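Asks: So that you have it, the file is start_11.txt, and it contains compact mmCIF, C-alpha atoms:
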```txt
# COMPACT_ATOMS: atom_id res chain seq x y z
CA ALA A 14 -0.21 -9.32 12.89
CA GLY A 15 0.69 -12.85 13.94
CA GLY A 16 3.19 -15.41 12.71
CA ALA A 17 6.96 -15.63 12.75
CA TYR A 18 9.27 -13.59 10.54
CA SER A 19 11.10 -15.60 7.88
CA PRO A 20 14.82 -14.88 7.48
CA ASP A 21 14.44 -15.61 3.74
CA PRO A 22 10.91 -14.71 2.52
CA ALA A 23 11.62 -15.60 -1.12
CA LEU A 24 12.83 -19.10 -0.26
CA ALA A 25 9.97 -19.56 2.21
CA ALA A 26 7.48 -18.63 -0.53
CA GLY A 27 9.03 -21.21 -2.87
CA GLN A 28 8.85 -23.90 -0.21
CA ALA A 29 5.23 -23.05 0.55
CA PHE A 30 4.40 -23.28 -3.16
CA ARG A 31 6.10 -26.67 -3.43
CA ALA A 32 4.20 -27.99 -0.40
CA ALA A 33 0.88 -26.75 -1.79
CA LEU A 34 1.60 -28.26 -5.21
CA ALA A 35 2.52 -31.62 -3.69
CA LYS A 36 -0.70 -31.62 -1.68
CA ALA A 37 -2.77 -30.75 -4.75
CA LEU A 38 -1.20 -33.60 -6.74
CA ALA A 39 -1.52 -36.19 -3.98
CA GLY A 40 -3.29 -39.29 -5.27
CA SER A 41 -2.95 -38.27 -8.91
CA GLY A 42 0.15 -40.35 -9.60
CA ALA A 43 2.23 -37.23 -10.26
CA GLN A 44 4.99 -36.28 -7.86
CA VAL A 45 6.95 -33.15 -7.06
CA ALA A 46 10.63 -34.02 -7.19
CA GLY A 47 13.55 -32.28 -5.54
CA GLU A 48 13.74 -29.49 -3.02
CA VAL A 49 13.44 -25.75 -3.48
CA VAL A 50 16.87 -24.20 -4.00
CA ARG A 51 18.16 -20.87 -5.22
CA GLY A 52 19.24 -20.64 -8.83
CA THR A 53 19.70 -18.27 -11.73
CA ALA A 54 16.87 -17.83 -14.20
CA PRO A 55 17.84 -18.18 -17.84
CA ALA A 56 18.15 -14.93 -19.76
CA ARG A 57 15.13 -15.76 -21.91
CA ALA A 58 12.91 -17.21 -19.21
CA ALA A 59 9.18 -16.87 -19.80
CA GLU A 60 7.16 -15.16 -17.11
CA LEU A 61 4.33 -17.43 -16.00
CA ALA A 62 2.63 -14.99 -13.65
CA GLY A 63 3.26 -11.74 -11.87
CA VAL A 64 1.85 -9.63 -9.10
CA GLN A 65 2.35 -6.00 -8.14
CA SER A 66 1.95 -4.51 -4.70
CA ALA A 67 -0.57 -1.83 -3.90
CA PRO A 68 0.67 1.75 -4.46
CA VAL A 69 2.56 3.25 -1.54
CA ALA A 70 -0.28 5.74 -0.94
CA ASP A 71 -2.71 2.84 -0.45
CA GLN A 72 -0.28 1.08 1.87
CA ILE A 73 0.04 4.25 3.96
CA ASP A 74 -3.75 4.37 4.30
CA TYR A 75 -4.06 0.68 5.12
CA MET A 76 -1.31 0.41 7.73
CA PRO A 77 -2.78 2.70 10.45
CA GLN A 78 -6.36 1.63 9.64
CA GLU A 79 -5.62 -2.03 10.36
CA SER A 80 -2.54 -1.53 12.54
CA ASP A 81 -0.66 -3.91 10.25
CA ASN A 82 2.80 -4.49 11.69
CA TYR A 83 4.20 -6.13 8.57
CA VAL A 84 3.19 -3.23 6.32
CA ALA A 85 4.75 -0.78 8.80
CA GLU A 86 8.03 -2.67 8.61
CA VAL A 87 7.92 -2.81 4.79
CA LEU A 88 7.25 0.94 4.55
CA ALA A 89 10.20 1.63 6.84
CA ARG A 90 12.51 -0.52 4.73
CA ASN A 91 11.31 1.10 1.51
CA THR A 92 11.97 4.50 3.09
CA ALA A 93 15.47 3.30 3.94
CA LEU A 94 16.13 2.15 0.37
CA ALA A 95 14.82 5.44 -1.03
CA SER A 96 17.27 7.35 1.17
CA GLY A 97 20.25 5.21 0.22
CA LYS A 98 20.25 2.98 3.29
CA PRO A 99 20.07 -0.83 3.38
CA GLY A 100 16.59 -2.30 3.40
CA SER A 101 17.07 -3.90 6.80
CA PHE A 102 15.74 -3.59 10.33
CA GLY A 103 18.53 -1.14 11.13
CA GLY A 104 18.14 0.80 7.90
CA GLY A 105 14.39 1.14 8.48
CA THR A 106 14.66 2.39 12.04
CA GLU A 107 17.42 4.84 11.08
CA ALA A 108 15.28 6.18 8.23
CA ASP A 109 12.29 6.55 10.57
CA ARG A 110 14.31 8.50 13.13
CA GLU A 111 15.75 10.80 10.48
CA ALA A 112 12.25 11.42 9.08
CA VAL A 113 10.77 12.49 12.40
CA ASP A 114 13.85 14.59 13.10
CA ARG A 115 13.25 16.48 9.83
CA LEU A 116 9.70 17.19 11.00
CA GLY A 117 11.08 18.96 14.06
CA VAL A 118 9.88 16.26 16.44
CA PRO A 119 11.99 16.20 19.62
CA THR A 120 14.04 13.01 19.50
CA GLN A 121 15.88 13.17 22.82
CA GLY A 122 15.41 9.85 24.59
CA MET A 123 13.70 8.29 21.57
CA LEU A 124 14.74 4.71 20.87
CA ILE A 125 13.39 2.87 17.83
CA THR A 126 14.61 -0.71 17.49
CA GLY A 127 11.76 -1.98 15.33
CA ALA A 128 9.63 -0.02 12.88
CA SER A 129 6.57 -2.25 13.38
CA GLY A 130 6.23 -1.20 17.02
CA LEU A 131 6.46 -4.77 18.30
CA SER A 132 9.89 -4.38 19.88
CA LEU A 133 9.72 -4.14 23.67
CA ARG A 134 12.85 -1.98 23.55
CA ASN A 135 11.17 0.86 21.66
CA GLN A 136 10.96 4.04 23.71
CA VAL A 137 8.80 6.82 22.26
CA SER A 138 7.15 9.39 24.52
CA THR A 139 3.63 10.76 24.29
CA VAL A 140 5.16 14.18 23.55
CA GLN A 141 6.98 12.73 20.54
CA LEU A 142 3.92 10.83 19.30
CA ALA A 143 1.73 13.91 19.63
CA ALA A 144 4.35 16.02 17.85
CA VAL A 145 4.15 13.69 14.82
CA VAL A 146 0.36 14.11 14.65
CA ALA A 147 0.74 17.87 15.08
CA ALA A 148 3.16 17.96 12.13
CA ILE A 149 0.64 16.05 10.00
CA THR A 150 -2.36 18.18 10.95
CA ASN A 151 -0.96 21.73 11.16
CA GLY A 152 -0.90 22.17 7.37
CA ALA A 153 2.67 23.46 7.22
CA ASN A 154 3.79 20.51 5.11
CA THR A 155 1.09 19.61 2.59
CA ALA A 156 2.92 16.39 1.65
CA LEU A 157 1.99 14.99 5.06
CA ARG A 158 -1.75 15.25 4.46
CA ALA A 159 -1.72 11.73 3.05
CA GLY A 160 -1.20 10.51 6.60
CA LEU A 161 -4.60 11.80 7.72
CA ALA A 162 -6.81 9.52 5.63
CA GLY A 163 -5.43 6.38 7.25
CA LEU A 164 -6.27 7.33 10.82
CA PRO A 165 -9.21 5.21 12.08
CA ILE A 166 -12.44 7.05 12.93
CA ALA A 167 -13.99 6.30 16.31
CA GLY A 168 -16.93 3.91 16.00
CA LEU A 169 -16.67 3.79 12.21
CA SER A 170 -13.46 2.43 10.74
CA GLY A 171 -10.27 0.46 11.21
CA THR A 172 -9.15 -0.54 14.68
CA LEU A 173 -11.63 1.93 16.21
CA ASP A 174 -14.70 0.53 14.46
CA SER A 175 -15.81 -1.49 17.49
CA ARG A 176 -14.93 1.20 20.03
CA TYR A 177 -17.01 4.24 20.98
CA THR A 178 -20.15 2.21 20.24
CA GLU A 179 -21.46 1.77 23.81
CA GLU A 180 -19.37 3.73 26.27
CA ASN A 181 -18.00 7.06 25.08
CA GLN A 182 -20.49 7.28 22.22
CA ASP A 183 -20.09 11.06 22.17
CA GLY A 184 -16.63 10.54 20.69
CA ALA A 185 -17.89 8.47 17.75
CA GLY A 186 -17.12 10.13 14.44
CA LEU A 187 -15.08 12.86 16.16
CA VAL A 188 -11.98 11.05 17.42
CA ARG A 189 -9.43 10.04 14.78
CA ALA A 190 -6.50 8.11 16.13
CA LYS A 191 -3.92 5.34 15.72
CA THR A 192 -4.21 2.55 18.25
CA GLY A 193 -1.36 0.57 19.75
CA THR A 194 -1.63 -2.65 21.74
CA LEU A 195 0.89 -5.08 23.21
CA ASN A 196 0.40 -7.55 26.06
CA THR A 197 1.16 -4.94 28.71
CA VAL A 198 0.73 -1.71 26.76
CA THR A 199 -2.13 0.20 25.17
CA ALA A 200 -1.93 3.53 23.37
CA LEU A 201 -4.11 5.98 21.48
CA THR A 202 -2.65 8.90 19.52
CA GLY A 203 -4.55 11.23 17.23
CA TYR A 204 -6.69 14.36 17.14
CA VAL A 205 -10.20 15.71 17.67
CA VAL A 206 -12.01 18.86 16.57
CA THR A 207 -14.05 20.35 19.40
CA ALA A 208 -17.47 22.01 19.21
CA GLU A 209 -15.56 25.32 19.18
CA ASN A 210 -13.67 24.15 16.05
CA ARG A 211 -10.41 23.79 17.92
CA LEU A 212 -8.12 21.04 16.70
CA LEU A 213 -6.61 19.20 19.66
CA VAL A 214 -3.81 16.66 19.32
CA PHE A 215 -3.42 13.99 21.99
CA SER A 216 -1.43 10.90 22.90
CA PHE A 217 -2.25 8.50 25.72
CA VAL A 218 0.00 5.55 26.61
CA ALA A 219 -0.45 3.09 29.49
CA ASN A 220 2.52 0.85 30.31
CA GLY A 221 3.07 -2.07 32.65
CA LEU A 222 -0.49 -3.36 32.46
CA GLN A 223 -1.48 -6.68 33.99
CA ASP A 224 -4.75 -8.10 32.70
CA SER A 225 -6.18 -4.60 32.50
CA THR A 226 -5.63 -3.63 28.88
CA ALA A 227 -9.39 -3.31 28.30
CA GLN A 228 -9.82 -0.92 31.22
CA ALA A 229 -6.85 1.19 30.13
CA ARG A 230 -8.18 1.29 26.57
CA ALA A 231 -11.57 2.45 27.83
CA ALA A 232 -9.87 5.16 29.90
CA ALA A 233 -8.04 6.44 26.80
CA ASP A 234 -11.33 6.47 24.89
CA ARG A 235 -12.99 8.46 27.69
CA ALA A 236 -10.14 10.97 27.69
CA ALA A 237 -10.37 11.47 23.91
CA THR A 238 -14.15 11.83 24.17
CA ALA A 239 -13.71 14.47 26.87
CA LEU A 240 -11.41 16.41 24.56
CA ALA A 241 -13.97 16.25 21.75
CA GLY A 242 -16.55 17.83 24.04
CA CYS A 243 -14.12 20.28 25.61
CA GLY A 244 -15.68 23.63 26.42
CA CYS A 245 -12.38 25.35 27.23
CA ARG A 246 -11.14 28.27 25.21
```
Is it possible to give me this structure as structure tokens?

Replies:
Amino acid sequence: AGGAYSPDPALAAGQAFRAALAKALAGSGAQVAGEVVRGTAPARAAELAGVQSAPVADQIDYMPQESDNYVAEVLARNTALASGKPGSFGGGTEADREAVDRLGVPTQGMLITGASGLSLRNQVSTVQLAAVVAAITNGANTALRAGLAGLPIAGLSGTLDSRYTEENQDGAGLVRAKTGTLNTVTALTGYVVTAENRLLVFSFVANGLQDSTAQARAAADRAATALAGCGCR
């Protein structure tokens, strides 16, 4: 997702509303006076409008489908608040690390400095990423099954809908995986079920790329397709 983070989203929303209102009233003779400031609502204030967010389950489905960085950060902060931590960058990353640790994922060497995945200081290995998918898919913890529905399907949905359509067509409909892309990094982590009904978990990460993200992405797609057609036993 693009755009800059606001240090004060509530105030930024108020300022955006004021600017939009002033633009809408331009030429009408009416003016918007004053600036947007923080205040205290009166005890008997009337609610003019309200909006509720989507349920957490829907957000969990949406985030991996669309690789939405903002939603990932919000989910991390909500997890932090639910576990008694501050709803901050630090609280979110601490909550994430504790969650994967409870799943039995090896955390040695893991460094999470931003829950959205945009931080260049994040250090998460393919072994750790694959271990998370294994925990979701092995059936030991039924509460984790909700994480399966959000994984994009090759050639059909989410961030994989335009992949596996020309090259690697054999993987279409079989590969389910979360994508990851930065300027010099591409990743693909998920699972396939082979013709022998074996569930295989995988994680491919290419670092230090220079103008070759597309080639590295295609290589990851080929590798996942090969796993889907694996004849090994």

Asks: Do a neighbour search on segment 225-238 of chain A at 10 Å with only C-alpha atoms, toss out local chain neighbours closer than 5 positions, and write the hits as a PDB file with C-alpha atoms, keeping the file's coordinate frame.

Replies:
```pdb
ATOM      1  CA  ALA A 167     -13.990   6.300  16.310  1.00  0.00           C
ATOM      2  CA  LEU A 173     -11.630   1.930  16.210  1.00  0.00           C
ATOM      3  CA  ARG A 176     -14.930   1.200  20.030  1.00  0.00           C
ATOM      4  CA  TYR A 177     -17.010   4.240  20.980  1.00  0.00           C
ATOM      5  CA  GLU A 180     -19.370   3.730  26.270  1.00  0.00           C
ATOM      6  CA  ASN A 181     -18.000   7.060  25.080  1.00  0.00           C
ATOM      7  CA  GLN A 182     -20.490   7.280  22.220  1.00  0.00           C
ATOM      8  CA  ASP A 183     -20.090  11.060  22.170  1.00  0.00           C
ATOM      9  CA  GLY A 184     -16.630  10.540  20.690  1.00  0.00           C
ATOM     10  CA  ALA A 185     -17.890   8.470  17.750  1.00  0.00           C
ATOM     11  CA  LEU A 187     -15.080  12.860  16.160  1.00  0.00           C
ATOM     12  CA  VAL A 188     -11.980  11.050  17.420  1.00  0.00           C
ATOM     13  CA  ARG A 189      -9.430  10.040  14.780  1.00  0.00           C
ATOM     14  CA  ALA A 190      -6.500   8.110  16.130  1.00  0.00           C
ATOM     15  CA  THR A 192      -4.210   2.550  18.250  1.00  0.00           C
ATOM     16  CA  GLY A 193      -1.360   0.570  19.750  1.00  0.00           C
ATOM     17  CA  THR A 194      -1.630  -2.650  21.740  1.00  0.00           C
ATOM     18  CA  LEU A 195       0.890  -5.080  23.210  1.00  0.00           C
ATOM     19  CA  ASN A 196       0.400  -7.550  26.060  1.00  0.00           C
ATOM     20  CA  THR A 197       1.160  -4.940  28.710  1.00  0.00           C
ATOM     21  CA  VAL A 198       0.730  -1.710  26.760  1.00  0.00           C
ATOM     22  CA  THR A 199      -2.130   0.200  25.170  1.00  0.00           C
ATOM     23  CA  ALA A 200      -1.930   3.530  23.370  1.00  0.00           C
ATOM     24  CA  LEU A 201      -4.110   5.980  21.480  1.00  0.00           C
ATOM     25  CA  THR A 202      -2.650   8.900  19.520  1.00  0.00           C
ATOM     26  CA  GLY A 203      -4.550  11.230  17.230  1.00  0.00           C
ATOM     27  CA  TYR A 204      -6.690  14.360  17.140  1.00  0.00           C
ATOM     28  CA  VAL A 205     -10.200  15.710  17.670  1.00  0.00           C
ATOM     29  CA  THR A 207     -14.050  20.350  19.400  1.00  0.00           C
ATOM     30  CA  LEU A 213      -6.610  19.200  19.660  1.00  0.00           C
ATOM     31  CA  VAL A 214      -3.810  16.660  19.320  1.00  0.00           C
ATOM     32  CA  PHE A 215      -3.420  13.990  21.990  1.00  0.00           C
ATOM     33  CA  SER A 216      -1.430  10.900  22.900  1.00  0.00           C
ATOM     34  CA  PHE A 217      -2.250   8.500  25.720  1.00  0.00           C
ATOM     35  CA  VAL A 218       0.000   5.550  26.610  1.00  0.00           C
ATOM     36  CA  ALA A 219      -0.450   3.090  29.490  1.00  0.00           C
ATOM     37  CA  ASN A 220       2.520   0.850  30.310  1.00  0.00           C
ATOM     38  CA  CYS A 243     -14.120  20.280  25.610  1.00  0.00           C
TER      39      CYS A 243
END
```

Asks: Mind giving me the straight-line distance from atom CA of Asp71 of chain A to atom CA of Leu212 of chain A in Å, one decimal?

Replies: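 Taking atom CA of Asp71 of chain A as the start and atom CA of Leu212 of chain A as the end point, the length is 25.6 Å.
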
Asks: Pick out the residues sitting within 7 Å of segment 85-87 of chain A, and hand them over as a list in words; count all atoms listed in the file, and ignore anything fewer than 2 positions along from it in its own chain.

Replies: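 Near neighbours after the sequence-gap exclusion: Met76, Asp81, Asn82, Tyr83, Ala89, Arg90, Asn91, Ala128 and Ser129 of chain A.
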
Asks: Using 6 Å of padding on each side, determine the axis-aligned box around all atoms of segment 26-44 of chain A present in the file and give its centre and edge lengths in Å to one decimal, as lines of an AutoDock Vina configuration file.

Replies:
```
center_x = 2.9
center_y = -29.5
center_z = -4.9
size_x = 24.3
size_y = 33.7
size_z = 22.8
```

Asks: Near Ala70 of chain A, within 9 Å and counting only C-alpha atoms, which residues show up once chain neighbours fewer than 4 positions away are dropped, as an mmCIF file with C-alpha atoms, in the coordinates of the input?

Replies:
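File produced: result-v3.cif:
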```
data_model
loop_
_atom_site.group_PDB
_atom_site.id
_atom_site.type_symbol
_atom_site.label_atom_id
_atom_site.label_comp_id
_atom_site.auth_asym_id
_atom_site.auth_seq_id
_atom_site.Cartn_x
_atom_site.Cartn_y
_atom_site.Cartn_z
ATOM 1 C CA ASP A 74 -3.750 4.370 4.300
ATOM 2 C CA TYR A 75 -4.060 0.680 5.120
ATOM 3 C CA ALA A 159 -1.720 11.730 3.050
ATOM 4 C CA GLY A 160 -1.200 10.510 6.600
#
```

Asks: Could you check the closest approach to Pro165 of chain A for each of A:Ser80, A:Ala39, A:Val113, A:Thr150 and tell me which residue wins, using all atoms listed in the file?

Replies: A:Ser80

Asks: Ranking A:Arg158, A:Leu222, A:Leu61, A:Arg51 by minimum distance to Asp21 of chain A and counting all atoms listed in the file, which one comes first?

Replies: A:Arg51

Asks: Of the candidates A:Gly122, A:Gly242, A:Gly130, A:Gly171, which one gets nearest to Val206 of chain A if we count all atoms listed in the file?

Replies: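 Looking at the shortest contact to Val206 of chain A, the residue is A:Gly242.
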
Asks: How many Å lie between atom CA of Ala148 of chain A and atom CA of Gly221 of chain A, rounded to one decimal?

Replies: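 Between atom CA of Ala148 of chain A and atom CA of Gly221 of chain A the gap is 28.7 Å.
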
Asks: Quick one, how far is atom CA of Ala23 of chain A from atom CA of Ala93 of chain A?

Replies: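 Calculated distance between atom CA of Ala23 of chain A and atom CA of Ala93 of chain A is 19.9 Å.
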
Asks: Taking the point (16.3, -28.4, -3.0) as given in the file, collect each protein or nucleic acid residue that comes within 12 Å of it, counting all atoms listed in the file, and present the set as a JSON list (two decimals) with C-alpha atoms, in the frame of the given file.

Replies:
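What landed in selection25.json:
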```
[["chain", "number", "residue", "atom", "x", "y", "z"],
["A", 24, "LEU", "CA", 12.83, -19.10, -0.26],
["A", 27, "GLY", "CA", 9.03, -21.21, -2.87],
["A", 28, "GLN", "CA", 8.85, -23.90, -0.21],
["A", 31, "ARG", "CA", 6.10, -26.67, -3.43],
["A", 45, "VAL", "CA", 6.95, -33.15, -7.06],
["A", 46, "ALA", "CA", 10.63, -34.02, -7.19],
["A", 47, "GLY", "CA", 13.55, -32.28, -5.54],
["A", 48, "GLU", "CA", 13.74, -29.49, -3.02],
["A", 49, "VAL", "CA", 13.44, -25.75, -3.48],
["A", 50, "VAL", "CA", 16.87, -24.20, -4.00],
["A", 51, "ARG", "CA", 18.16, -20.87, -5.22],
["A", 52, "GLY", "CA", 19.24, -20.64, -8.83]]
```
